file run30.cif (mmCIF, N, CA and C atoms)
data_start
loop_
_atom_site.label_atom_id
_atom_site.label_comp_id
_atom_site.auth_asym_id
_atom_site.auth_seq_id
_atom_site.Cartn_x
_atom_site.Cartn_y
_atom_site.Cartn_z
N MET F 1 -49.09 22.70 75.02
CA MET F 1 -49.71 23.50 73.99
C MET F 1 -51.21 23.28 74.02
N TRP F 2 -51.95 24.37 74.00
CA TRP F 2 -53.41 24.29 73.99
C TRP F 2 -53.88 24.24 72.54
N LEU F 3 -54.81 23.32 72.24
CA LEU F 3 -55.39 23.24 70.92
C LEU F 3 -56.89 23.53 71.03
N PRO F 4 -57.44 24.34 70.13
CA PRO F 4 -58.87 24.66 70.20
C PRO F 4 -59.73 23.52 69.66
N ILE F 5 -59.71 22.41 70.36
CA ILE F 5 -60.49 21.24 69.98
C ILE F 5 -61.57 21.06 71.02
N HIS F 6 -62.79 20.94 70.55
CA HIS F 6 -63.93 20.80 71.46
C HIS F 6 -64.66 19.50 71.15
N ILE F 7 -64.90 18.75 72.19
CA ILE F 7 -65.60 17.47 72.05
C ILE F 7 -67.05 17.65 72.48
N ASN F 8 -67.94 17.13 71.65
CA ASN F 8 -69.35 17.13 71.98
C ASN F 8 -69.73 15.70 72.39
N GLU F 9 -69.89 15.50 73.68
CA GLU F 9 -70.18 14.15 74.18
C GLU F 9 -71.58 13.69 73.82
N GLN F 10 -72.43 14.63 73.37
CA GLN F 10 -73.79 14.27 72.96
C GLN F 10 -73.84 13.85 71.48
N SER F 11 -72.76 14.08 70.77
CA SER F 11 -72.73 13.78 69.34
C SER F 11 -72.72 12.28 69.10
N ALA F 12 -73.31 11.88 67.98
CA ALA F 12 -73.28 10.48 67.58
C ALA F 12 -71.92 10.12 66.97
N GLU F 13 -71.13 11.14 66.63
CA GLU F 13 -69.81 10.89 66.05
C GLU F 13 -68.85 10.42 67.13
N PRO F 14 -68.03 9.42 66.84
CA PRO F 14 -67.05 8.94 67.82
C PRO F 14 -66.07 10.04 68.21
N LEU F 15 -65.54 9.96 69.43
CA LEU F 15 -64.60 10.97 69.91
C LEU F 15 -63.39 11.10 68.99
N TYR F 16 -62.81 9.96 68.59
CA TYR F 16 -61.61 10.03 67.76
C TYR F 16 -61.90 10.81 66.48
N TYR F 17 -63.10 10.62 65.91
CA TYR F 17 -63.47 11.29 64.67
C TYR F 17 -63.60 12.79 64.89
N GLN F 18 -64.25 13.19 65.99
CA GLN F 18 -64.40 14.61 66.30
C GLN F 18 -63.03 15.28 66.43
N ILE F 19 -62.12 14.62 67.14
CA ILE F 19 -60.78 15.17 67.35
C ILE F 19 -60.01 15.21 66.03
N GLU F 20 -60.09 14.13 65.27
CA GLU F 20 -59.37 14.04 64.00
C GLU F 20 -59.81 15.11 63.02
N VAL F 21 -61.10 15.31 62.88
CA VAL F 21 -61.63 16.32 61.96
C VAL F 21 -61.14 17.72 62.36
N GLN F 22 -61.19 18.02 63.64
CA GLN F 22 -60.79 19.35 64.10
C GLN F 22 -59.28 19.56 63.97
N LEU F 23 -58.49 18.54 64.31
CA LEU F 23 -57.04 18.66 64.20
C LEU F 23 -56.63 18.78 62.73
N ARG F 24 -57.27 18.00 61.86
CA ARG F 24 -56.99 18.10 60.42
C ARG F 24 -57.30 19.51 59.93
N ALA F 25 -58.42 20.06 60.37
CA ALA F 25 -58.80 21.42 59.95
C ALA F 25 -57.78 22.45 60.41
N LEU F 26 -57.27 22.30 61.63
CA LEU F 26 -56.26 23.24 62.13
C LEU F 26 -54.98 23.18 61.29
N ILE F 27 -54.67 21.98 60.81
CA ILE F 27 -53.45 21.81 60.01
C ILE F 27 -53.66 22.35 58.60
N VAL F 28 -54.73 21.92 57.92
CA VAL F 28 -54.90 22.31 56.52
C VAL F 28 -55.28 23.78 56.35
N SER F 29 -55.79 24.40 57.41
CA SER F 29 -56.09 25.83 57.34
C SER F 29 -54.85 26.67 57.60
N GLY F 30 -53.77 26.02 58.04
CA GLY F 30 -52.54 26.75 58.32
C GLY F 30 -52.46 27.30 59.73
N GLN F 31 -53.48 27.04 60.55
CA GLN F 31 -53.44 27.51 61.94
C GLN F 31 -52.34 26.80 62.72
N LEU F 32 -52.06 25.55 62.35
CA LEU F 32 -50.91 24.83 62.90
C LEU F 32 -49.91 24.70 61.76
N GLU F 33 -48.80 25.37 61.88
CA GLU F 33 -47.83 25.43 60.80
C GLU F 33 -46.89 24.23 60.81
N GLU F 34 -46.26 24.02 59.67
CA GLU F 34 -45.26 22.97 59.54
C GLU F 34 -44.25 23.06 60.67
N GLY F 35 -43.94 21.92 61.26
CA GLY F 35 -42.95 21.86 62.31
C GLY F 35 -43.48 22.11 63.71
N THR F 36 -44.75 22.47 63.84
CA THR F 36 -45.34 22.70 65.16
C THR F 36 -45.35 21.40 65.95
N LEU F 37 -44.81 21.46 67.16
CA LEU F 37 -44.81 20.30 68.05
C LEU F 37 -46.17 20.19 68.72
N LEU F 38 -46.80 19.04 68.57
CA LEU F 38 -48.10 18.81 69.19
C LEU F 38 -47.91 18.26 70.60
N PRO F 39 -48.95 18.36 71.41
CA PRO F 39 -48.85 17.77 72.75
C PRO F 39 -48.62 16.27 72.64
N SER F 40 -48.01 15.70 73.65
CA SER F 40 -47.83 14.25 73.66
C SER F 40 -49.20 13.59 73.67
N ILE F 41 -49.25 12.33 73.34
CA ILE F 41 -50.51 11.60 73.34
C ILE F 41 -51.15 11.66 74.72
N ARG F 42 -50.37 11.44 75.75
CA ARG F 42 -50.90 11.48 77.12
C ARG F 42 -51.42 12.87 77.49
N GLU F 43 -50.64 13.88 77.13
CA GLU F 43 -51.01 15.25 77.47
C GLU F 43 -52.32 15.65 76.78
N LEU F 44 -52.45 15.34 75.48
CA LEU F 44 -53.67 15.70 74.77
C LEU F 44 -54.86 14.91 75.31
N ALA F 45 -54.64 13.65 75.65
CA ALA F 45 -55.72 12.84 76.23
C ALA F 45 -56.20 13.46 77.54
N GLN F 46 -55.28 13.94 78.36
CA GLN F 46 -55.66 14.59 79.62
C GLN F 46 -56.41 15.90 79.35
N LEU F 47 -55.92 16.70 78.41
CA LEU F 47 -56.57 17.97 78.09
C LEU F 47 -58.00 17.77 77.58
N LEU F 48 -58.19 16.73 76.77
CA LEU F 48 -59.50 16.49 76.17
C LEU F 48 -60.37 15.54 77.01
N LYS F 49 -59.78 15.04 78.10
CA LYS F 49 -60.50 14.11 78.97
C LYS F 49 -61.02 12.90 78.20
N CYS F 50 -60.08 12.28 77.46
CA CYS F 50 -60.41 11.07 76.72
C CYS F 50 -59.26 10.08 76.91
N SER F 51 -59.37 8.92 76.30
CA SER F 51 -58.35 7.89 76.51
C SER F 51 -57.12 8.13 75.63
N VAL F 52 -56.01 7.60 76.08
CA VAL F 52 -54.76 7.65 75.34
C VAL F 52 -54.93 6.91 74.01
N ILE F 53 -55.69 5.83 74.02
CA ILE F 53 -55.93 5.04 72.80
C ILE F 53 -56.61 5.89 71.73
N THR F 54 -57.55 6.73 72.16
CA THR F 54 -58.26 7.61 71.23
C THR F 54 -57.30 8.57 70.55
N VAL F 55 -56.47 9.23 71.34
CA VAL F 55 -55.51 10.21 70.77
C VAL F 55 -54.47 9.49 69.92
N ARG F 56 -54.03 8.32 70.35
CA ARG F 56 -53.05 7.56 69.56
C ARG F 56 -53.63 7.25 68.17
N ARG F 57 -54.90 6.88 68.13
CA ARG F 57 -55.54 6.59 66.84
C ARG F 57 -55.58 7.84 65.96
N VAL F 58 -55.94 8.97 66.54
CA VAL F 58 -55.98 10.23 65.78
C VAL F 58 -54.60 10.54 65.20
N TYR F 59 -53.58 10.49 66.03
CA TYR F 59 -52.23 10.80 65.58
C TYR F 59 -51.80 9.82 64.48
N GLN F 60 -52.11 8.53 64.65
CA GLN F 60 -51.71 7.53 63.64
C GLN F 60 -52.45 7.76 62.33
N ASP F 61 -53.75 8.05 62.41
CA ASP F 61 -54.53 8.31 61.19
C ASP F 61 -53.96 9.51 60.43
N LEU F 62 -53.69 10.60 61.16
CA LEU F 62 -53.18 11.81 60.51
C LEU F 62 -51.74 11.63 60.02
N GLU F 63 -50.99 10.79 60.69
CA GLU F 63 -49.64 10.48 60.22
C GLU F 63 -49.73 9.65 58.94
N ASN F 64 -50.66 8.72 58.89
CA ASN F 64 -50.85 7.91 57.68
C ASN F 64 -51.29 8.77 56.50
N GLU F 65 -52.00 9.85 56.77
CA GLU F 65 -52.42 10.78 55.71
C GLU F 65 -51.28 11.70 55.29
N GLY F 66 -50.21 11.74 56.07
CA GLY F 66 -49.09 12.61 55.74
C GLY F 66 -49.16 13.99 56.36
N LEU F 67 -50.11 14.18 57.28
CA LEU F 67 -50.27 15.49 57.92
C LEU F 67 -49.38 15.64 59.16
N LEU F 68 -49.04 14.54 59.79
CA LEU F 68 -48.18 14.55 60.98
C LEU F 68 -46.98 13.66 60.75
N ARG F 69 -45.94 13.91 61.52
CA ARG F 69 -44.79 12.99 61.55
C ARG F 69 -44.33 12.87 62.98
N THR F 70 -43.89 11.69 63.33
CA THR F 70 -43.44 11.43 64.69
C THR F 70 -41.95 11.11 64.67
N LYS F 71 -41.22 11.75 65.55
CA LYS F 71 -39.80 11.46 65.73
C LYS F 71 -39.66 10.77 67.08
N GLN F 72 -39.14 9.57 67.05
CA GLN F 72 -38.96 8.81 68.29
C GLN F 72 -38.16 9.63 69.30
N GLY F 73 -38.74 9.79 70.47
CA GLY F 73 -38.05 10.49 71.55
C GLY F 73 -38.25 11.99 71.57
N THR F 74 -38.75 12.58 70.48
CA THR F 74 -38.93 14.03 70.48
C THR F 74 -40.39 14.46 70.35
N GLY F 75 -41.23 13.63 69.73
CA GLY F 75 -42.65 13.98 69.68
C GLY F 75 -43.26 13.94 68.30
N THR F 76 -44.47 14.48 68.23
CA THR F 76 -45.25 14.50 66.99
C THR F 76 -45.35 15.93 66.49
N TYR F 77 -45.05 16.10 65.21
CA TYR F 77 -44.98 17.42 64.59
C TYR F 77 -45.93 17.49 63.40
N VAL F 78 -46.31 18.71 63.05
CA VAL F 78 -47.06 18.94 61.82
C VAL F 78 -46.07 18.76 60.66
N ALA F 79 -46.45 17.93 59.69
CA ALA F 79 -45.59 17.62 58.56
C ALA F 79 -45.60 18.74 57.53
N ARG F 80 -44.63 18.69 56.65
CA ARG F 80 -44.60 19.62 55.52
C ARG F 80 -45.61 19.11 54.51
N ILE F 81 -46.51 19.99 54.07
CA ILE F 81 -47.55 19.59 53.14
C ILE F 81 -47.50 20.51 51.93
N GLU F 82 -47.42 19.91 50.75
CA GLU F 82 -47.42 20.68 49.50
C GLU F 82 -48.73 21.45 49.37
N GLN F 83 -48.69 22.61 48.74
CA GLN F 83 -49.89 23.44 48.59
C GLN F 83 -51.01 22.71 47.87
N LYS F 84 -50.67 21.92 46.86
CA LYS F 84 -51.68 21.18 46.11
C LYS F 84 -52.40 20.19 47.02
N ALA F 85 -51.65 19.49 47.86
CA ALA F 85 -52.25 18.54 48.80
C ALA F 85 -53.08 19.29 49.85
N MET F 86 -52.58 20.43 50.30
CA MET F 86 -53.30 21.25 51.28
C MET F 86 -54.65 21.67 50.71
N ASP F 87 -54.66 22.11 49.46
CA ASP F 87 -55.92 22.52 48.82
C ASP F 87 -56.87 21.33 48.70
N ARG F 88 -56.34 20.16 48.38
CA ARG F 88 -57.17 18.97 48.26
C ARG F 88 -57.80 18.62 49.59
N TYR F 89 -57.03 18.67 50.68
CA TYR F 89 -57.56 18.40 52.03
C TYR F 89 -58.66 19.40 52.38
N ARG F 90 -58.42 20.67 52.10
CA ARG F 90 -59.42 21.71 52.41
C ARG F 90 -60.72 21.44 51.66
N LEU F 91 -60.62 21.20 50.36
CA LEU F 91 -61.81 20.99 49.56
C LEU F 91 -62.51 19.68 49.90
N ASP F 92 -61.73 18.65 50.23
CA ASP F 92 -62.33 17.38 50.65
C ASP F 92 -63.16 17.56 51.91
N ALA F 93 -62.66 18.35 52.85
CA ALA F 93 -63.38 18.57 54.11
C ALA F 93 -64.71 19.27 53.84
N VAL F 94 -64.70 20.25 52.95
CA VAL F 94 -65.94 20.98 52.63
C VAL F 94 -66.89 20.08 51.86
N THR F 95 -66.36 19.30 50.93
CA THR F 95 -67.21 18.38 50.17
C THR F 95 -67.90 17.39 51.09
N GLU F 96 -67.17 16.86 52.04
CA GLU F 96 -67.75 15.92 53.00
C GLU F 96 -68.88 16.57 53.79
N ALA F 97 -68.68 17.79 54.23
CA ALA F 97 -69.71 18.50 54.99
C ALA F 97 -70.94 18.78 54.12
N LEU F 98 -70.70 19.18 52.87
CA LEU F 98 -71.82 19.45 51.96
C LEU F 98 -72.61 18.18 51.66
N GLU F 99 -71.90 17.07 51.48
CA GLU F 99 -72.58 15.80 51.24
C GLU F 99 -73.45 15.41 52.43
N ALA F 100 -72.93 15.64 53.63
CA ALA F 100 -73.71 15.33 54.84
C ALA F 100 -74.94 16.22 54.91
N ALA F 101 -74.80 17.48 54.53
CA ALA F 101 -75.94 18.40 54.56
C ALA F 101 -77.00 17.99 53.53
N VAL F 102 -76.57 17.59 52.35
CA VAL F 102 -77.52 17.14 51.33
C VAL F 102 -78.21 15.86 51.78
N ASP F 103 -77.44 14.95 52.37
CA ASP F 103 -78.04 13.71 52.90
C ASP F 103 -79.10 14.03 53.95
N ALA F 104 -78.81 15.00 54.83
CA ALA F 104 -79.78 15.39 55.87
C ALA F 104 -81.03 15.97 55.22
N GLY F 105 -80.85 16.78 54.19
CA GLY F 105 -81.99 17.35 53.48
C GLY F 105 -82.83 16.29 52.80
N LYS F 106 -82.17 15.33 52.14
CA LYS F 106 -82.89 14.26 51.47
C LYS F 106 -83.64 13.39 52.48
N LEU F 107 -83.05 13.22 53.65
CA LEU F 107 -83.67 12.40 54.69
C LEU F 107 -85.02 12.96 55.11
N VAL F 108 -85.13 14.29 55.12
CA VAL F 108 -86.40 14.92 55.49
C VAL F 108 -87.19 15.35 54.25
N GLN F 109 -86.80 14.78 53.11
CA GLN F 109 -87.51 14.93 51.84
C GLN F 109 -87.54 16.36 51.30
N CYS F 110 -86.44 17.07 51.48
CA CYS F 110 -86.30 18.38 50.83
C CYS F 110 -86.05 18.14 49.34
N THR F 111 -86.56 19.04 48.54
CA THR F 111 -86.30 18.95 47.11
C THR F 111 -84.92 19.54 46.81
N ARG F 112 -84.44 19.27 45.63
CA ARG F 112 -83.16 19.84 45.18
C ARG F 112 -83.23 21.36 45.24
N GLU F 113 -84.35 21.92 44.82
CA GLU F 113 -84.52 23.37 44.80
C GLU F 113 -84.50 23.94 46.23
N GLU F 114 -85.14 23.25 47.16
CA GLU F 114 -85.14 23.72 48.55
C GLU F 114 -83.73 23.71 49.12
N ILE F 115 -83.00 22.66 48.82
CA ILE F 115 -81.61 22.56 49.32
C ILE F 115 -80.75 23.65 48.70
N MET F 116 -80.92 23.89 47.41
CA MET F 116 -80.15 24.95 46.74
C MET F 116 -80.48 26.31 47.35
N LYS F 117 -81.76 26.56 47.62
CA LYS F 117 -82.18 27.83 48.21
C LYS F 117 -81.58 27.99 49.62
N LEU F 118 -81.63 26.93 50.40
CA LEU F 118 -81.05 26.97 51.75
C LEU F 118 -79.55 27.22 51.69
N PHE F 119 -78.89 26.54 50.76
CA PHE F 119 -77.45 26.72 50.62
C PHE F 119 -77.12 28.17 50.28
N GLN F 120 -77.87 28.75 49.37
CA GLN F 120 -77.64 30.15 48.98
C GLN F 120 -77.88 31.09 50.16
N GLU F 121 -78.92 30.81 50.95
CA GLU F 121 -79.21 31.65 52.12
C GLU F 121 -78.09 31.57 53.15
N VAL F 122 -77.58 30.37 53.36
CA VAL F 122 -76.47 30.20 54.31
C VAL F 122 -75.23 30.93 53.79
N LEU F 123 -74.93 30.78 52.51
CA LEU F 123 -73.78 31.49 51.91
C LEU F 123 -73.93 33.00 52.10
N ASP F 124 -75.11 33.51 51.78
CA ASP F 124 -75.34 34.96 51.93
C ASP F 124 -75.17 35.41 53.37
N ARG F 125 -75.68 34.62 54.30
CA ARG F 125 -75.59 34.97 55.72
C ARG F 125 -74.14 34.92 56.22
N LYS F 126 -73.40 33.92 55.79
CA LYS F 126 -72.02 33.75 56.28
C LYS F 126 -71.03 34.68 55.60
N PHE F 127 -71.25 34.96 54.32
CA PHE F 127 -70.31 35.79 53.57
C PHE F 127 -70.84 37.19 53.32
N GLY F 128 -72.07 37.45 53.75
CA GLY F 128 -72.67 38.76 53.48
C GLY F 128 -73.04 38.85 52.01
N GLY F 129 -74.28 39.02 51.77
CA GLY F 129 -74.61 39.02 50.35
C GLY F 129 -75.97 39.47 50.11
#
call {"tool": "encode", "arguments": {"input": "run30.cif", "output": "structure tokens"}}
result
Amino acid sequence: MWLPIHINEQSAEPLYYQIEVQLRALIVSGQLEEGTLLPSIRELAQLLKCSVITVRRVYQDLENEGLLRTKQGTGTYVARIEQKAMDRYRLDAVTEALEAAVDAGKLVQCTREEIMKLFQEVLDRKFGG
């Protein structure tokens, strides 16, 4: 199974984190439905050209969050996730990204008003407005 996961080797973010964030997004957005069989750890590691240990960590982290389940001998599947939990995961992901954007703005000494204006411009550009 091909997964639309892209690794940026120039990024300061660790590989496991890049993979985990993208796989979580595929699950909570519904692009990977409940019961979907994921590639084996070895197979995904080969596809992404990373180590088996990296993919094992991603699968374990997402299983600990309740997004994946592993059946011995059959593989790793997307778990059943209640709508309330799905909404929480979606909003948490956006909140994390917004916090990172605000931190970046503060780092270069943007004012609250400048950040709000930039946010509105991005919203208008992405959603049409």
call {"tool": "residues_around", "arguments": {"input": "run30.cif", "residues": "Leu23 (chain F)", "least_positions_apart": "6", "cutoff": "12 Å", "atoms": "only C-alpha atoms", "output": "list in words"}}
result
Trp2, Leu3, Pro4, Ile5, His6, Ile7, Tyr16, Tyr17, Ser29, Gly30, Gln31, Leu32, Glu33, Leu38, Pro39, Leu44, Val55, Val58, Tyr59, Asp61, Leu62, Glu63, Leu67, Leu68, Val78 and Ala93 of chain F
call {"tool": "write_last_selection", "arguments": {"input": "run30.cif", "atoms": "N, CA and C atoms", "output": "JSON list (two decimals), in the frame of the given file"}}
result
[["chain", "number", "residue", "atom", "x", "y", "z"],
["F", 2, "TRP", "N", -51.95, 24.37, 74.00],
["F", 2, "TRP", "CA", -53.41, 24.29, 73.99],
["F", 2, "TRP", "C", -53.88, 24.24, 72.54],
["F", 3, "LEU", "N", -54.81, 23.32, 72.24],
["F", 3, "LEU", "CA", -55.39, 23.24, 70.92],
["F", 3, "LEU", "C", -56.89, 23.53, 71.03],
["F", 4, "PRO", "N", -57.44, 24.34, 70.13],
["F", 4, "PRO", "CA", -58.87, 24.66, 70.20],
["F", 4, "PRO", "C", -59.73, 23.52, 69.66],
["F", 5, "ILE", "N", -59.71, 22.41, 70.36],
["F", 5, "ILE", "CA", -60.49, 21.24, 69.98],
["F", 5, "ILE", "C", -61.57, 21.06, 71.02],
["F", 6, "HIS", "N", -62.79, 20.94, 70.55],
["F", 6, "HIS", "CA", -63.93, 20.80, 71.46],
["F", 6, "HIS", "C", -64.66, 19.50, 71.15],
["F", 7, "ILE", "N", -64.90, 18.75, 72.19],
["F", 7, "ILE", "CA", -65.60, 17.47, 72.05],
["F", 7, "ILE", "C", -67.05, 17.65, 72.48],
["F", 16, "TYR", "N", -62.81, 9.96, 68.59],
["F", 16, "TYR", "CA", -61.61, 10.03, 67.76],
["F", 16, "TYR", "C", -61.90, 10.81, 66.48],
["F", 17, "TYR", "N", -63.10, 10.62, 65.91],
["F", 17, "TYR", "CA", -63.47, 11.29, 64.67],
["F", 17, "TYR", "C", -63.60, 12.79, 64.89],
["F", 29, "SER", "N", -55.79, 24.40, 57.41],
["F", 29, "SER", "CA", -56.09, 25.83, 57.34],
["F", 29, "SER", "C", -54.85, 26.67, 57.60],
["F", 30, "GLY", "N", -53.77, 26.02, 58.04],
["F", 30, "GLY", "CA", -52.54, 26.75, 58.32],
["F", 30, "GLY", "C", -52.46, 27.30, 59.73],
["F", 31, "GLN", "N", -53.48, 27.04, 60.55],
["F", 31, "GLN", "CA", -53.44, 27.51, 61.94],
["F", 31, "GLN", "C", -52.34, 26.80, 62.72],
["F", 32, "LEU", "N", -52.06, 25.55, 62.35],
["F", 32, "LEU", "CA", -50.91, 24.83, 62.90],
["F", 32, "LEU", "C", -49.91, 24.70, 61.76],
["F", 33, "GLU", "N", -48.80, 25.37, 61.88],
["F", 33, "GLU", "CA", -47.83, 25.43, 60.80],
["F", 33, "GLU", "C", -46.89, 24.23, 60.81],
["F", 38, "LEU", "N", -46.80, 19.04, 68.57],
["F", 38, "LEU", "CA", -48.10, 18.81, 69.19],
["F", 38, "LEU", "C", -47.91, 18.26, 70.60],
["F", 39, "PRO", "N", -48.95, 18.36, 71.41],
["F", 39, "PRO", "CA", -48.85, 17.77, 72.75],
["F", 39, "PRO", "C", -48.62, 16.27, 72.64],
["F", 44, "LEU", "N", -52.45, 15.34, 75.48],
["F", 44, "LEU", "CA", -53.67, 15.70, 74.77],
["F", 44, "LEU", "C", -54.86, 14.91, 75.31],
["F", 55, "VAL", "N", -56.47, 9.23, 71.34],
["F", 55, "VAL", "CA", -55.51, 10.21, 70.77],
["F", 55, "VAL", "C", -54.47, 9.49, 69.92],
["F", 58, "VAL", "N", -55.94, 8.97, 66.54],
["F", 58, "VAL", "CA", -55.98, 10.23, 65.78],
["F", 58, "VAL", "C", -54.60, 10.54, 65.20],
["F", 59, "TYR", "N", -53.58, 10.49, 66.03],
["F", 59, "TYR", "CA", -52.23, 10.80, 65.58],
["F", 59, "TYR", "C", -51.80, 9.82, 64.48],
["F", 61, "ASP", "N", -53.75, 8.05, 62.41],
["F", 61, "ASP", "CA", -54.53, 8.31, 61.19],
["F", 61, "ASP", "C", -53.96, 9.51, 60.43],
["F", 62, "LEU", "N", -53.69, 10.60, 61.16],
["F", 62, "LEU", "CA", -53.18, 11.81, 60.51],
["F", 62, "LEU", "C", -51.74, 11.63, 60.02],
["F", 63, "GLU", "N", -50.99, 10.79, 60.69],
["F", 63, "GLU", "CA", -49.64, 10.48, 60.22],
["F", 63, "GLU", "C", -49.73, 9.65, 58.94],
["F", 67, "LEU", "N", -50.11, 14.18, 57.28],
["F", 67, "LEU", "CA", -50.27, 15.49, 57.92],
["F", 67, "LEU", "C", -49.38, 15.64, 59.16],
["F", 68, "LEU", "N", -49.04, 14.54, 59.79],
["F", 68, "LEU", "CA", -48.18, 14.55, 60.98],
["F", 68, "LEU", "C", -46.98, 13.66, 60.75],
["F", 78, "VAL", "N", -46.31, 18.71, 63.05],
["F", 78, "VAL", "CA", -47.06, 18.94, 61.82],
["F", 78, "VAL", "C", -46.07, 18.76, 60.66],
["F", 93, "ALA", "N", -62.66, 18.35, 52.85],
["F", 93, "ALA", "CA", -63.38, 18.57, 54.11],
["F", 93, "ALA", "C", -64.71, 19.27, 53.84]]
call {"tool": "atom_distance", "arguments": {"input": "run30.cif", "atom1": "atom N of Gly128 (chain F)", "atom2": "atom N of Cys110 (chain F)"}}
result
25.0 Å
call {"tool": "atom_distance", "arguments": {"input": "run30.cif", "atom1": "CA of Leu47 (chain F)", "atom2": "CA of Leu26 (chain F)"}}
result
16.8 Å
call {"tool": "select_by_dssp", "arguments": {"input": "run30.cif", "residues": "region 11-88 of chain F", "states": "alpha helix (DSSP H)", "output": "PyMOL selection string"}}
result
chain F and resi 15-28+41-48+52-64+83-88
call {"tool": "closest_residue", "arguments": {"input": "run30.cif", "among": "F:Asp87, F:Tyr77, F:Val122, F:Gln10", "to": "Ala101 (chain F)", "atoms": "only C-alpha atoms"}}
result
F:Val122
call {"tool": "closest_residue", "arguments": {"input": "run30.cif", "among": "F:Arg90, F:Gln60, F:Glu13, F:Met116", "to": "Val102 (chain F)", "atoms": "only C-alpha atoms"}}
result
F:Met116
call {"tool": "atom_distance", "arguments": {"input": "run30.cif", "atom1": "CA of Leu37 (chain F)", "atom2": "CA of Arg69 (chain F)"}}
result
9.8 Å
call {"tool": "select_by_dssp", "arguments": {"input": "run30.cif", "residues": "region 33-126 of chain F", "states": "strand (DSSP E or B)", "output": "VMD selection string"}}
result
chain F and resid 37 68 to 71 75 to 78
call {"tool": "closest_residue", "arguments": {"input": "run30.cif", "among": "F:Arg56, F:Thr95, F:Ile27, F:Arg125", "to": "Ile41 (chain F)", "atoms": "all atoms listed in the file"}}
result
F:Arg56
call {"tool": "closest_residue", "arguments": {"input": "run30.cif", "among": "F:Thr111, F:Ile81, F:Leu91, F:Gln18", "to": "Glu65 (chain F)", "atoms": "only C-alpha atoms"}}
result
F:Ile81
